[in-house]
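Working notes, beginning with the structure itself.
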Amino acid sequence: MARYKEFEVNEVLDKAIQLFWEQGYEKTSMQELVDFMGIHRRSIYDTFGDKHSLFMKALERYGAIQNKKMRLLVEKQEPVKELIRQFFESSLERKGDPQGCFIVNSGVELGLLDPEVSSFVEDSYSKTEKLLYNLILFGQQTGEIKAHLDSEVLSHYFMNVWLGLRTMVKTATNQGKLSGIINTSLSILD
């Protein structure tokens with residue numbers, strides 16, 4: 001007879017995200033996951049699979065949460081430049097989360113070593129870049145952004161800025177420096 005799960009899957013998966021995000025994949029042991037998630041090792045294997053499968057499910061959940069946040073941002077009825085500013089500034093918010101970005105951190109740690117992680121990270125980056133491209137294109141159509149600017153090149157550039165911010169926030173103590181990067185990057189649109 002099958003046992004009833006004594007935990008809510010997304011709640012324990014969020015705990016796995018937190019631990020992997022803080023420590024990285026390699027530094028996180030199964031015992032630490034068991035302790036931090038508050039469920040039995042057997043439950044982890046039965047529900048999520050091995051450590052790598054759990055890690056991928058954690059990345060997928062984090063990615064889905066981030067995609068939802070980005071969609072909500074884009075749906076705001078605000079000027080495109082302001083939306084892009086908010087997009088960048090969201091990288092600086094900490095709200096109790098570990099520093100940086102779980103997807104960016106995972107790409108840096110495992111991108112060259114793990115094809116599945118590499119593919120996931122690349123897909124995530126492509127979605128973000130497409131969002132930026134669409135924002136820029138919309139801004140050009142409404143006249144907010146100069147039409148002669150290459151929207152594809154700008155989306156690549158802004159993606160690079162965003163990745164840089166999500167990496168720098170891990171060590172930067174000078175918020176003014178990060179704000180200056182955002183202001184300078186957005187000045188390209190003027």
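Each chain of the structure tokens is named A, B, ... in the order shown, its residues numbered from 1; ligands are numbered from 1 in display order.
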Query raised in the report: What lies within 7 Å of stretch 88-103 of chain A using only C-alpha atoms, ignoring chain neighbours under 3 positions off, as a ChimeraX atom specification?
Result: /A:21-22,59,84-85,106-107,121,162,165-167,169-170,182
Query raised in the report: Any idea what's packed within 8 Å of A:Ser185, counting only C-alpha atoms, ignoring anything in its chain fewer than 4 positions away? Could you give it as a ChimeraX atom specification?
Result: /A:158,161,181
List as CSV every residue of stretch 30-113 of chain A that is in contact with stretch 122-137 of chain A, defined as an atom at most 8 Å from one of its atoms (using only C-alpha atoms), together with the nearest atom pair and the distance in Å rounded to one decimal, sorted by chain and then rising number.
```
residue,atom,partner,partner_atom,distance
A:Gly63,CA,A:Ser124,CA,7.2
A:Val74,CA,A:Leu135,CA,7.8
A:Val80,CA,A:Leu135,CA,6.4
A:Ile84,CA,A:Leu132,CA,7.7
```
Query raised in the report: What are the DSSP helix (DSSP H, G or I) residues of stretch 6-178 of chain A, as a ChimeraX atom specification?
Result: /A:9-23,30-37,41-48,51-74,80-89,102-110,115-141,151-168,175-178
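Going from atom CA of A:Arg42 to atom CA of A:Val9 covers 14.1 Å.
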Query raised in the report: Near stretch 14-19 of chain A, counting only C-alpha atoms, which residues have an atom at most 7 Å away, once you skip same-chain residues fewer than 5 positions from it, shown as a ChimeraX atom specification?
Result: /A:33,36-37,58
Report task. Between atom CA of A:Asp50 and atom CA of A:Phe20, measure the distance and give it in Å to one decimal. Result -> 14.1 Å
Report task. Compile the contact shell of stretch 51-56 of chain A as JSON, numbers by chain: residues with an atom at most 10 Å away, counting only C-alpha atoms, same-chain residues fewer than 5 positions apart removed. Result -> {"A": [13, 16, 17, 20, 24, 25, 28, 29, 30, 33, 44, 45, 61, 62, 106, 116, 117, 120]}
Let me see the file: selected residues, N, CA and C atoms, as a tab-separated table (two decimals), in the first residue's frame.
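File out35.tsv, as written:
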```
chain	number	residue	atom	x	y	z
A	13	LEU	N	10.67	21.47	-1.94
A	13	LEU	CA	11.48	21.83	-3.10
A	13	LEU	C	12.05	23.25	-2.92
A	16	ALA	N	15.04	22.96	-0.87
A	16	ALA	CA	16.17	22.47	-1.67
A	16	ALA	C	16.77	23.61	-2.48
A	17	ILE	N	15.91	24.45	-3.06
A	17	ILE	CA	16.40	25.61	-3.81
A	17	ILE	C	17.28	26.45	-2.90
A	20	PHE	N	20.69	24.62	-2.20
A	20	PHE	CA	21.53	24.58	-3.39
A	20	PHE	C	22.00	25.99	-3.77
A	24	GLY	N	25.64	25.78	-3.53
A	24	GLY	CA	26.01	25.21	-4.81
A	24	GLY	C	25.74	23.71	-4.81
A	25	TYR	N	25.77	23.14	-5.98
A	25	TYR	CA	25.47	21.71	-6.13
A	25	TYR	C	26.53	20.83	-5.47
A	28	THR	N	26.77	20.64	-1.58
A	28	THR	CA	25.57	20.22	-0.86
A	28	THR	C	25.49	18.69	-0.84
A	29	SER	N	25.49	18.13	0.35
A	29	SER	CA	25.42	16.67	0.47
A	29	SER	C	23.96	16.22	0.60
A	30	MET	N	23.72	14.95	0.34
A	30	MET	CA	22.38	14.40	0.52
A	30	MET	C	21.94	14.53	1.98
A	33	LEU	N	20.67	17.92	2.60
A	33	LEU	CA	19.35	18.06	1.99
A	33	LEU	C	18.28	17.42	2.88
A	44	ILE	N	12.93	11.68	-0.40
A	44	ILE	CA	13.59	12.48	-1.44
A	44	ILE	C	13.75	11.63	-2.70
A	45	TYR	N	14.30	10.43	-2.54
A	45	TYR	CA	14.50	9.56	-3.70
A	45	TYR	C	13.18	9.18	-4.37
A	61	ARG	N	11.80	24.76	-10.85
A	61	ARG	CA	10.85	25.52	-10.01
A	61	ARG	C	11.31	26.96	-9.87
A	62	TYR	N	12.57	27.17	-9.60
A	62	TYR	CA	13.10	28.53	-9.49
A	62	TYR	C	12.87	29.29	-10.80
A	106	SER	N	24.33	28.46	-10.87
A	106	SER	CA	24.40	27.08	-11.36
A	106	SER	C	25.12	27.00	-12.69
A	116	GLU	N	23.07	18.88	-19.00
A	116	GLU	CA	21.67	19.14	-18.68
A	116	GLU	C	21.50	20.51	-18.01
A	117	VAL	N	22.39	20.84	-17.10
A	117	VAL	CA	22.36	22.16	-16.46
A	117	VAL	C	22.66	23.23	-17.51
A	120	PHE	N	19.63	23.86	-19.63
A	120	PHE	CA	18.60	24.57	-18.88
A	120	PHE	C	18.96	26.05	-18.75
```
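Of the listed residues (A:Ile65, A:Val34, A:Leu110, A:Leu186), A:Leu186 comes nearest to A:Leu154; the distances count only C-alpha atoms.
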Report task. Just the residues within 10 Å of A:Phe7, please, counting only C-alpha atoms, with nothing from its chain fewer than 6 positions along; format it as an MDAnalysis selection string. Result -> chainID A and resid 37:39 43
